[in-house]
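This report refers to the structure that appears directly beneath it.
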Amino acid sequence: MTQSRRQFVQNLLAGGLLATGAATWLQRADRTWAQSPPNLEPAPPPDRGDLRIIAISDLNNGYGETDYRAEVHQAIALIQRWQPDLVICGGDMVAGQKLGLTRSQFQAMWAGFDRTIYQPLCQGGIPFAFTLGNHDASNITLPDRTFKYALDRNEAAAYWRRQRSTMNWDWVDDAWFPFFYAFRMGNALIVSWDASGPVISAEQLLRAEQLFTSEVGRAAQVRLLLGHMPLHAVTPQRNQPGNVLRDTAPVQSLLERAQVTAYITGHHHAYFPARMGMVDLLHLGCLGGGARSWLGTSSTPIRTLTVIDARFGSPNLRYSSYQLNPFLSLRDDQLPREIVGFNGRLVRRDQLLSKDHALKVKI
């Protein structure tokens, strides 16, 4: 708890507002503080690009919960003030993936997401794109090839298909919506695929390649791929098979061959902008429960959102990331220079970009 928030809570306590029960009251206090944080008027990053995106991820709390942490409320308030061209979410918008949850519980969770996140953005005229996470709609299958969490997937699909008419995208592909879809925004092509489990199907690989290498894809100056699970681990708790994509070689080959600008993921709950070859691997931090530190460090976990500025005609995106509650700018040099996990090594993006720049100057 930060000092400003502690003072805020103490002031409310002094007013005798604990009559409704400690747990309920503290949740209400968190929401109130996030919606009207004291002495907090952060400015958006300067030098707005041709396309400004705010990226958030992993919003959910414990299984079945319908409410969200203070940081989620704080992020939505910031987004409404900053007015980006687009918000993208790296998945885990609700807290499923637990057998025994009922249809009514899933409907209540999606209603909570709609109330807290989707409708405020819609009412503010801010488009929202997403990829589905393992807690939304896990694609893990049983031996008979049925989905282990079929109810999760059915309810996620039902919710998003109801919202389909509110998404005024320049659609390029929506045949498999909401599990796989693509749209244009300006000179950017954005593809979302189903990485809610460790397996990317051959059908998805082929469809993504066809989109990125089509006439529309080749004409795009920015190509973004959204998926929940990353290629490599960045946190110790997720440093094992099942928490990254299982077959990384075909995905990495696709990213390079199709000249994808960035693969944007969630799931590991720690912000880390990496680069592999000519492709950014942007790992988004979480806003909900379970913030994590980076592999090989003992750093205090933080919750983050990231502003992505794309300038059409430039080969590189600009990332401006922020810690929530308290609101602080996050510099690249506060992150590990590299992360080594069980299936590979990731180097912080700015380290490679600076080397590329130095090489070009030398040449």
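Convention: chains lettered A, B, ... in structure tokens order; per-chain residue numbering from 1; ligands numbered from 1 as shown.
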Can you pull out the residues contacting segment 93-96 of chain A? Cut-off 6 Å, using only C-alpha atoms, and skip same-chain residues under 4 positions away; I want them as a PDB file with N, CA, C and O atoms, in the first residue's frame.
ATOM      1  N   LEU A  59      -6.298  -9.482 -16.325  1.00  0.00           N
ATOM      2  CA  LEU A  59      -7.072  -8.582 -15.480  1.00  0.00           C
ATOM      3  C   LEU A  59      -7.748  -9.293 -14.315  1.00  0.00           C
ATOM      4  O   LEU A  59      -8.161  -8.642 -13.354  1.00  0.00           O
ATOM      5  N   ASN A  60      -7.859 -10.610 -14.386  1.00  0.00           N
ATOM      6  CA  ASN A  60      -8.733 -11.346 -13.480  1.00  0.00           C
ATOM      7  C   ASN A  60      -8.160 -11.508 -12.082  1.00  0.00           C
ATOM      8  O   ASN A  60      -6.957 -11.390 -11.859  1.00  0.00           O
ATOM      9  N   TYR A  63     -10.613 -17.458  -8.939  1.00  0.00           N
ATOM     10  CA  TYR A  63     -11.619 -18.193  -9.692  1.00  0.00           C
ATOM     11  C   TYR A  63     -13.025 -17.738  -9.346  1.00  0.00           C
ATOM     12  O   TYR A  63     -13.403 -17.662  -8.175  1.00  0.00           O
ATOM     13  N   GLY A  64     -13.794 -17.415 -10.383  1.00  0.00           N
ATOM     14  CA  GLY A  64     -15.196 -17.074 -10.207  1.00  0.00           C
ATOM     15  C   GLY A  64     -15.478 -15.650  -9.791  1.00  0.00           C
ATOM     16  O   GLY A  64     -16.644 -15.235  -9.750  1.00  0.00           O
ATOM     17  N   HIS A 135      -7.633 -18.527 -18.812  1.00  0.00           N
ATOM     18  CA  HIS A 135      -8.718 -18.384 -17.843  1.00  0.00           C
ATOM     19  C   HIS A 135     -10.015 -17.921 -18.499  1.00  0.00           C
ATOM     20  O   HIS A 135     -11.075 -17.964 -17.864  1.00  0.00           O
ATOM     21  N   ASP A 136      -9.943 -17.490 -19.746  1.00  0.00           N
ATOM     22  CA  ASP A 136     -11.145 -17.120 -20.500  1.00  0.00           C
ATOM     23  C   ASP A 136     -11.723 -18.316 -21.238  1.00  0.00           C
ATOM     24  O   ASP A 136     -12.933 -18.549 -21.219  1.00  0.00           O
TER      25      ASP A 136
END
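Shell of Phe327 of chain A at 9 Å, with only C-alpha atoms counted and residues fewer than 3 places along the chain excluded, is Leu40, Pro42, Tyr322, Gln323 and Leu324 of chain A.
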Excluding Ser299 of chain A and residues on its chain fewer than 3 positions from it, collect all residues at most 10 Å away from it, counting only C-alpha atoms, and give them as a PDB file with C-alpha atoms, in the first residue's frame.
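What ended up in selection36.pdb:
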ATOM      1  CA  ARG A 292       5.317 -11.722 -10.649  1.00  0.00           C
ATOM      2  CA  SER A 293       8.979 -10.770 -10.682  1.00  0.00           C
ATOM      3  CA  TRP A 294      11.357 -11.702 -13.485  1.00  0.00           C
ATOM      4  CA  LEU A 295      13.338 -14.905 -13.790  1.00  0.00           C
ATOM      5  CA  GLY A 296      16.732 -14.577 -12.117  1.00  0.00           C
ATOM      6  CA  ILE A 302       4.557  -4.696 -10.140  1.00  0.00           C
ATOM      7  CA  GLN A 334      14.957  -1.109 -14.452  1.00  0.00           C
ATOM      8  CA  LEU A 335      14.363  -4.461 -16.159  1.00  0.00           C
ATOM      9  CA  PRO A 336      16.765  -7.404 -16.542  1.00  0.00           C
TER      10      PRO A 336
END
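The spacing separating atom CA of Glu209 of chain A from atom CA of Leu254 of chain A amounts to 6.6 Å.
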>> Which residues are close to Val347 of chain A, i.e. within 7 Å by only C-alpha atoms, leaving aside same-chain residues fewer than 4 positions away? Reply as an MDAnalysis selection string.
In response: chainID A and resid 274:275 337:339
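Note that DSSP on the backbone gives helix (DSSP H, G or I) to these residues of segment 167-218 of chain A: Ala202, Glu203, Gln204, Leu205, Leu206, Arg207, Ala208, Glu209, Gln210, Leu211, Phe212, Glu215, Val216, Gly217 and Arg218 of chain A.
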